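Student: Dropping in structure-v3.txt, which is compact mmCIF, N, CA and C atoms:
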# COMPACT_ATOMS: atom_id res chain seq x y z
N MET M 29 47.49 95.67 139.62
CA MET M 29 48.45 94.77 139.02
C MET M 29 48.36 94.89 137.51
N ASN M 30 49.52 94.94 136.88
CA ASN M 30 49.59 95.04 135.43
C ASN M 30 50.61 94.06 134.88
N ILE M 31 50.47 93.75 133.61
CA ILE M 31 51.45 92.96 132.87
C ILE M 31 51.90 93.80 131.68
N SER M 32 53.20 93.79 131.42
CA SER M 32 53.71 94.36 130.18
C SER M 32 54.70 93.35 129.59
N VAL M 33 54.70 93.26 128.28
CA VAL M 33 55.59 92.34 127.57
C VAL M 33 56.26 93.14 126.45
N SER M 34 57.58 93.17 126.47
CA SER M 34 58.30 93.92 125.43
C SER M 34 58.10 93.24 124.07
N LYS M 35 58.28 94.03 123.02
CA LYS M 35 58.14 93.50 121.65
C LYS M 35 59.11 92.34 121.42
N GLU M 36 60.35 92.47 121.94
CA GLU M 36 61.36 91.42 121.75
C GLU M 36 60.95 90.13 122.48
N ALA M 37 60.41 90.27 123.69
CA ALA M 37 59.95 89.09 124.42
C ALA M 37 58.75 88.46 123.71
N LEU M 38 57.83 89.30 123.25
CA LEU M 38 56.68 88.80 122.50
C LEU M 38 57.13 87.99 121.29
N ASN M 39 58.08 88.52 120.53
CA ASN M 39 58.56 87.79 119.35
C ASN M 39 59.23 86.48 119.73
N TRP M 40 59.96 86.45 120.86
CA TRP M 40 60.57 85.21 121.32
C TRP M 40 59.50 84.16 121.62
N TYR M 41 58.46 84.55 122.37
CA TYR M 41 57.37 83.63 122.69
C TYR M 41 56.68 83.14 121.42
N LYS M 42 56.45 84.04 120.48
CA LYS M 42 55.79 83.65 119.23
C LYS M 42 56.63 82.63 118.47
N ASN M 43 57.93 82.86 118.38
CA ASN M 43 58.81 81.96 117.64
C ASN M 43 59.02 80.64 118.36
N GLU M 44 59.32 80.68 119.65
CA GLU M 44 59.63 79.46 120.41
C GLU M 44 58.41 78.58 120.66
N LEU M 45 57.26 79.19 120.88
CA LEU M 45 56.05 78.43 121.20
C LEU M 45 55.09 78.31 120.03
N GLY M 46 55.43 78.93 118.92
CA GLY M 46 54.55 78.87 117.76
C GLY M 46 53.23 79.57 117.99
N LEU M 47 53.23 80.63 118.79
CA LEU M 47 51.99 81.35 119.08
C LEU M 47 51.48 82.06 117.83
N GLN M 48 50.16 82.03 117.68
CA GLN M 48 49.51 82.68 116.56
C GLN M 48 48.39 83.57 117.09
N THR M 49 47.88 84.43 116.24
CA THR M 49 46.78 85.31 116.61
C THR M 49 45.66 84.49 117.25
N GLY M 50 45.20 84.95 118.40
CA GLY M 50 44.12 84.27 119.13
C GLY M 50 44.63 83.37 120.24
N ASP M 51 45.94 83.08 120.27
CA ASP M 51 46.49 82.24 121.33
C ASP M 51 46.62 83.03 122.62
N CYS M 52 46.62 82.29 123.73
CA CYS M 52 46.77 82.89 125.05
C CYS M 52 47.90 82.19 125.79
N LEU M 53 48.66 82.97 126.54
CA LEU M 53 49.77 82.44 127.31
C LEU M 53 49.57 82.82 128.77
N ARG M 54 49.55 81.80 129.62
CA ARG M 54 49.32 82.01 131.05
C ARG M 54 50.64 82.01 131.81
N PHE M 55 50.79 82.96 132.72
CA PHE M 55 51.87 82.95 133.70
C PHE M 55 51.29 82.35 134.97
N PHE M 56 51.91 81.29 135.50
CA PHE M 56 51.38 80.63 136.69
C PHE M 56 52.48 80.32 137.68
N VAL M 57 52.11 80.17 138.94
CA VAL M 57 53.05 79.88 140.01
C VAL M 57 53.42 78.40 139.97
N GLN M 58 54.72 78.13 140.13
CA GLN M 58 55.18 76.75 140.21
C GLN M 58 56.18 76.61 141.34
N TYR M 59 56.22 75.42 141.92
CA TYR M 59 57.14 75.13 143.00
C TYR M 59 58.55 75.00 142.45
N GLY M 60 59.51 75.57 143.15
CA GLY M 60 60.91 75.49 142.73
C GLY M 60 61.33 76.74 141.99
N GLY M 61 62.61 76.84 141.78
CA GLY M 61 63.16 78.00 141.11
C GLY M 61 63.33 79.13 142.10
N CYS M 62 63.43 80.32 141.57
CA CYS M 62 63.63 81.45 142.46
C CYS M 62 63.05 82.69 141.84
N SER M 63 62.53 83.55 142.70
CA SER M 63 62.03 84.84 142.25
C SER M 63 62.39 85.86 143.32
N THR M 64 62.23 87.10 143.00
CA THR M 64 62.53 88.14 143.98
C THR M 64 61.33 88.47 144.86
N VAL M 65 60.18 87.85 144.60
CA VAL M 65 58.99 88.14 145.42
C VAL M 65 58.58 86.97 146.31
N GLN M 66 58.89 85.73 145.93
CA GLN M 66 58.52 84.56 146.72
C GLN M 66 59.66 83.53 146.67
N LYS M 67 60.22 83.20 147.81
CA LYS M 67 61.31 82.22 147.86
C LYS M 67 60.79 80.81 147.57
N GLY M 68 61.56 80.06 146.78
CA GLY M 68 61.23 78.67 146.49
C GLY M 68 60.14 78.49 145.44
N LEU M 69 59.69 79.59 144.85
CA LEU M 69 58.65 79.54 143.82
C LEU M 69 59.09 80.38 142.63
N SER M 70 58.53 80.07 141.48
CA SER M 70 58.84 80.83 140.28
C SER M 70 57.62 80.84 139.36
N LEU M 71 57.75 81.56 138.26
CA LEU M 71 56.67 81.60 137.27
C LEU M 71 56.92 80.57 136.19
N GLY M 72 55.85 79.90 135.81
CA GLY M 72 55.87 79.04 134.63
C GLY M 72 55.00 79.67 133.57
N ILE M 73 55.07 79.13 132.37
CA ILE M 73 54.23 79.61 131.27
C ILE M 73 53.59 78.42 130.58
N ARG M 74 52.42 78.62 130.03
CA ARG M 74 51.78 77.58 129.21
C ARG M 74 50.67 78.21 128.39
N LYS M 75 50.45 77.61 127.22
CA LYS M 75 49.30 78.01 126.41
C LYS M 75 48.06 77.53 127.15
N ASP M 76 47.11 78.42 127.30
CA ASP M 76 45.91 78.09 128.08
C ASP M 76 44.85 79.12 127.73
N ASP M 77 43.62 78.83 128.08
CA ASP M 77 42.53 79.78 127.90
C ASP M 77 42.18 80.40 129.24
N PRO M 78 41.98 81.70 129.31
CA PRO M 78 41.63 82.35 130.58
C PRO M 78 40.29 81.87 131.10
N ALA M 79 40.24 81.61 132.41
CA ALA M 79 38.99 81.27 133.08
C ALA M 79 38.54 82.45 133.94
N THR M 80 39.37 82.82 134.92
CA THR M 80 39.08 83.95 135.79
C THR M 80 40.35 84.80 135.92
N PRO M 81 40.75 85.44 134.82
CA PRO M 81 41.99 86.22 134.87
C PRO M 81 41.85 87.47 135.74
N VAL M 82 42.92 87.75 136.48
CA VAL M 82 42.95 88.97 137.28
C VAL M 82 43.54 90.11 136.47
N VAL M 83 44.36 89.78 135.48
CA VAL M 83 44.96 90.78 134.62
C VAL M 83 45.30 90.15 133.27
N GLN M 84 45.21 90.95 132.21
CA GLN M 84 45.54 90.49 130.86
C GLN M 84 46.32 91.59 130.13
N PHE M 85 47.12 91.16 129.17
CA PHE M 85 47.85 92.08 128.30
C PHE M 85 47.76 91.48 126.90
N GLN M 86 47.35 92.28 125.93
CA GLN M 86 47.23 91.77 124.57
C GLN M 86 48.10 92.59 123.62
N GLU M 87 48.84 91.88 122.77
CA GLU M 87 49.69 92.51 121.76
C GLU M 87 49.77 91.58 120.56
N ASP M 88 49.65 92.13 119.37
CA ASP M 88 49.72 91.35 118.12
C ASP M 88 48.81 90.12 118.14
N GLY M 89 47.65 90.25 118.78
CA GLY M 89 46.68 89.16 118.79
C GLY M 89 46.98 88.05 119.79
N ILE M 90 48.02 88.21 120.62
CA ILE M 90 48.37 87.24 121.65
C ILE M 90 47.97 87.82 123.00
N THR M 91 47.29 87.02 123.82
CA THR M 91 46.88 87.45 125.15
C THR M 91 47.76 86.78 126.19
N PHE M 92 48.37 87.59 127.05
CA PHE M 92 49.13 87.12 128.19
C PHE M 92 48.27 87.38 129.42
N PHE M 93 48.20 86.42 130.36
CA PHE M 93 47.31 86.63 131.50
C PHE M 93 47.79 85.90 132.75
N ILE M 94 47.21 86.33 133.87
CA ILE M 94 47.43 85.70 135.17
C ILE M 94 46.05 85.42 135.76
N GLU M 95 45.85 84.21 136.21
CA GLU M 95 44.58 83.83 136.84
C GLU M 95 44.52 84.37 138.27
N GLY M 96 43.31 84.57 138.76
CA GLY M 96 43.10 85.11 140.09
C GLY M 96 43.73 84.28 141.20
N ASP M 97 43.78 82.95 141.03
CA ASP M 97 44.34 82.12 142.09
C ASP M 97 45.87 82.19 142.16
N ASP M 98 46.51 82.88 141.23
CA ASP M 98 47.96 83.08 141.28
C ASP M 98 48.35 84.51 141.66
N GLU M 99 47.37 85.36 141.90
CA GLU M 99 47.64 86.77 142.18
C GLU M 99 48.49 86.95 143.45
N TRP M 100 48.29 86.12 144.46
CA TRP M 100 49.02 86.25 145.72
C TRP M 100 50.54 86.24 145.51
N PHE M 101 51.01 85.48 144.51
CA PHE M 101 52.45 85.34 144.26
C PHE M 101 53.12 86.69 144.05
N PHE M 102 52.43 87.62 143.42
CA PHE M 102 53.02 88.89 143.01
C PHE M 102 53.12 89.91 144.15
N ASP M 103 52.45 89.66 145.26
CA ASP M 103 52.58 90.49 146.45
C ASP M 103 52.48 91.98 146.12
N GLY M 104 51.53 92.34 145.25
CA GLY M 104 51.30 93.73 144.90
C GLY M 104 52.22 94.28 143.82
N HIS M 105 53.04 93.44 143.22
CA HIS M 105 53.96 93.87 142.16
C HIS M 105 53.32 93.73 140.79
N ASP M 106 53.74 94.58 139.86
CA ASP M 106 53.40 94.41 138.45
C ASP M 106 54.42 93.47 137.83
N LEU M 107 54.06 92.82 136.73
CA LEU M 107 54.97 91.95 136.01
C LEU M 107 55.38 92.60 134.70
N SER M 108 56.67 92.76 134.51
CA SER M 108 57.22 93.27 133.26
C SER M 108 58.10 92.18 132.67
N VAL M 109 57.81 91.79 131.44
CA VAL M 109 58.59 90.75 130.77
C VAL M 109 59.40 91.41 129.66
N THR M 110 60.71 91.26 129.75
CA THR M 110 61.62 91.81 128.75
C THR M 110 62.43 90.67 128.16
N PHE M 111 63.25 90.99 127.18
CA PHE M 111 64.10 89.98 126.55
C PHE M 111 65.55 90.31 126.85
N ASN M 112 66.28 89.32 127.35
CA ASN M 112 67.71 89.49 127.63
C ASN M 112 68.49 88.97 126.44
N ALA M 113 69.08 89.86 125.68
CA ALA M 113 69.81 89.48 124.46
C ALA M 113 71.04 88.64 124.77
N ASP M 114 71.66 88.84 125.94
CA ASP M 114 72.84 88.05 126.30
C ASP M 114 72.49 86.58 126.53
N ASP M 115 71.39 86.34 127.27
CA ASP M 115 70.94 84.97 127.56
C ASP M 115 70.03 84.42 126.48
N GLU M 116 69.47 85.31 125.67
CA GLU M 116 68.51 84.96 124.62
C GLU M 116 67.25 84.31 125.17
N PHE M 117 66.78 84.84 126.32
CA PHE M 117 65.56 84.37 126.95
C PHE M 117 64.81 85.56 127.55
N PRO M 118 63.50 85.41 127.69
CA PRO M 118 62.73 86.44 128.41
C PRO M 118 63.14 86.48 129.88
N GLN M 119 62.98 87.65 130.48
CA GLN M 119 63.24 87.83 131.90
C GLN M 119 62.01 88.45 132.55
N PHE M 120 61.73 88.01 133.78
CA PHE M 120 60.62 88.55 134.55
C PHE M 120 61.15 89.60 135.51
N HIS M 121 60.46 90.73 135.56
CA HIS M 121 60.79 91.80 136.48
C HIS M 121 59.52 92.10 137.28
N TYR M 122 59.68 92.21 138.60
CA TYR M 122 58.56 92.49 139.49
C TYR M 122 58.72 93.92 139.98
N ILE M 123 57.75 94.75 139.66
CA ILE M 123 57.85 96.19 139.91
C ILE M 123 56.78 96.63 140.90
N LYS M 124 57.19 97.25 141.98
CA LYS M 124 56.27 97.72 143.03
C LYS M 124 55.78 99.10 142.70
As structure tokens, please, write out the structure in this file.

Tutor:
Amino acid sequence: MNISVSKEALNWYKNELGLQTGDCLRFFVQYGGCSTVQKGLSLGIRKDDPATPVVQFQEDGITFFIEGDDEWFFDGHDLSVTFNADDEFPQFHYIK
């Protein structure tokens, strides 16, 4: 399992959440919403410190991570986060 975050998505997170060097952003499973890998569930985000991360991605001093207890959600998929210029929001892509 891997995480990738595009430069445009990274900049959006930095601007919208005020992320600075040394900050960490967690992707976690939440009830509701929709995803292409798990019905009725989606990913949430929050500033947090890693405890038992299963995967991490670091760029410009910001660490993006997923904890081990959320790994099941991805069903063997990698997470790619890009920026959708039309919607002006990051998008999650699950890649097998």

Student: List the residues sitting within 6 Å of (41.6, 80.5, 137.2) in the file's frame, using only C-alpha atoms, as a PyMOL selection string.

Tutor: chain M and resi 79-80+95-97

Student: Please provide as a ChimeraX atom specification all residues within 7 Å of stretch 47-50 of chain M, with the sequence filter that same-chain residues fewer than 6 positions apart are discarded (counting only C-alpha atoms).

Tutor: /M:41,88-90

Student: Pull the strand (DSSP E) assignments for chain M out of DSSP run on the backbone, and list those residues as a VMD selection string.

Tutor: chain M and resid 31 to 33 52 to 59 69 to 75 81 to 87 90 to 95 106 to 112 117 to 123

Student: Pull the helix (DSSP H, G or I) assignments for chain M out of DSSP run on the backbone, and list those residues as a PyMOL selection string.

Tutor: chain M and resi 35-45+96-102

Student: Grab all the atoms of stretch 110-113 of chain M that the file lists, wrap them in a box along x, y and z, add 5 Å per side, and give me centre plus edge lengths in Å (one decimal) as AutoDock Vina command-line options.

Tutor:
--center_x 65.9 --center_y 90.2 --center_z 127.1 --size_x 20.3 --size_y 13.2 --size_z 15.3

Student: Grab the atom N of M:Lys35 to atom N of M:Leu69 distance for me, in Å with one decimal place.

Tutor: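 Distance between the two atoms: 26.2 Å.
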